[in-house]
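Structure first, then comments.
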Amino acid sequence: MDTTPLTLLTIVCEAILKERLLGELTKAGAKGHTLTECEGSGSRHRRVSETLGANIKLETIVSPGVAEQLLNTLTHDYFPRFAIIAYLSPVSVVRGDKYI
Amino acid sequence: MWDVLQVNLASPLALAFVLGIVSRLLKSELSLPRDLYASLSIYLLLALGLKGGVELSQTSLNALFWPAVVTVGLGLFTPVSAYLVLRRLGRFPIADAAGIAAHYGSVSAVTFIAAQQFVQTMNQPAEGFLPTLLTLLEIPGIQLALAIGAVQMARERAAQHAGQSAAEAPRPMAEVLHEVLTSRSMILMVGGLIIGCLMGEQGYEPVKPFFEGMFKGALTLFLLEMGLAAGARLGDLKSVGLFLLGFGMILPVLHGGLGVLLGHWSGLSIGGAAVLGTMAASASYIAAPPAVRMTLPEANPTYYLTAALAITFPFNIVLGIPLYYQMATLLAAH
């Protein structure tokens, strides 16, 4: 089958950042996302809202350029202060033009 | 004082709270589902707003004027005093001091409700318009402390200057104000007040059994959850230090005393002055933490959450409320 190589950006962070990060995705040009509530632990396991839930996992499939741009934003504005991690994985998708 | 304290300690509210803490200490697997917690807080806040609104519709502007003035005054004073104490005496960094001050400037609705129930038990019910005062006190507190924090941080950054990441844009204050004004508790309380005011006693009658009959039961359940939440933070007490521990108990007494005094001067009843004092003494832990986290991310959440939830909240629920009530009684006797 005809597939296109793209980049999957996965962000796991405190739930309170949801709206802000969705804004960043749109701004960078991501065409969609998948959001999951999740739990976990790490070096900064302390959450401010009992009602928002602990963490969210935000996944988006984008072009390598957009992924890099988003990682730059995260590195500059988010990593120093918030409980957040992010990683890239190579993926192959059908209908590649849907994502870029 | 002892008999007043005894009444409070034997109330289902305080006991449910203690049960929550104890079950956490015993490492019980008990926990309230998150959705139930959210539903209970919606129910409590709306019920509080509705009841307050109905009472407000029967209140004259004259009776409300001076209490409202002193409440706004308290709202402007408490975050500043908390900030200065933390900065000057506690030597906390700007962000931490402002973050904690935002919590102490704002109000804990549950502490307020518990105080209202307590003065009712003592046959000294507070004026019906106190929920209106609660909303007046909630807004300026968080706002002012966050503004102080943002301004001081900017100044400090400018002074250090040399740094690399100087080009950081602070979060616009309008955004923070929007967040505070549209928070769940504000919408439910202010919305409830308006609905209550519009519908009056007659409109309230059909929904009264639901919103009033079940109120204390729901509150008991909510306090159980608060006990669990506070219990979970007890372990953090070790890491916050003795200063914050003392701060979390002494500052409420000072703020509470001031609130009682101002309430008394503005013409409130014993119950009203005690509840206003409790409001001034309490520290928010629902509205303030997310606002602080977003606006002052440099502030360490362990400090403000532990202080508000594991120190000041239990202190007020168990000792503070009877103490402010006693202060109000003594003042009225003079």
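Convention: chains lettered A, B, ... in structure tokens order; per-chain residue numbering from 1; ligands numbered from 1 as shown.
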Produce a table with one row for each residue of chain B that has an atom at most 10 Å from any atom of chain A, each row naming the nearest atom pair and its distance in Å at one decimal; use only C-alpha atoms; arrange rows by chain and rising residue number; format as a Markdown table.
| residue | atom | partner | partner_atom | distance |
| --- | --- | --- | --- | --- |
| B:Arg34 | CA | A:Thr51 | CA | 6.4 |
| B:Asp35 | CA | A:Thr51 | CA | 7.9 |
| B:Leu36 | CA | A:Thr51 | CA | 9.9 |
| B:Tyr37 | CA | A:Thr51 | CA | 7.6 |
| B:Ala38 | CA | A:Thr51 | CA | 6.3 |
| B:Ser41 | CA | A:Thr51 | CA | 9.9 |
| B:Ser165 | CA | A:His76 | CA | 8.7 |
| B:Glu168 | CA | A:Asp77 | CA | 8.3 |
| B:Ala169 | CA | A:Asp77 | CA | 9.9 |
| B:Ala229 | CA | A:Glu50 | CA | 8.5 |
| B:Tyr285 | CA | A:Ser49 | CA | 8.7 |
| B:Ile286 | CA | A:Ser49 | CA | 7.3 |
| B:Ala287 | CA | A:Ser49 | CA | 9.1 |
| B:Ala288 | CA | A:Val48 | CA | 9.2 |
| B:Pro289 | CA | A:Val48 | CA | 5.5 |
| B:Pro290 | CA | A:Val48 | CA | 6.0 |
| B:Ala291 | CA | A:Val48 | CA | 9.4 |
| B:Val292 | CA | A:Val48 | CA | 9.1 |
| B:Arg293 | CA | A:Val48 | CA | 7.2 |
| B:Met294 | CA | A:Ile16 | CA | 7.9 |
| B:Leu296 | CA | A:Arg81 | CA | 9.3 |
| B:Pro297 | CA | A:Arg81 | CA | 5.7 |
| B:Glu298 | CA | A:Arg81 | CA | 6.1 |
| B:Ala299 | CA | A:Arg81 | CA | 9.0 |
| B:Asn300 | CA | A:Arg46 | CA | 9.4 |
| B:Pro301 | CA | A:Val48 | CA | 6.8 |
| B:Thr302 | CA | A:Arg46 | CA | 7.1 |
| B:Tyr304 | CA | A:Val48 | CA | 9.4 |
| B:Leu305 | CA | A:Val48 | CA | 7.3 |
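Taking atom CA of Leu6 of chain A as the reference point, atom CA of Glu37 of chain A is found at 24.3 Å.
The space separating atom CA of Leu32 of chain B from atom CA of Thr220 of chain B comes to 12.7 Å.
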> Mind pulling up the distance from atom CA of Val62 of chain A to atom CA of Val93 of chain A?
Replying inline: 10.7 Å
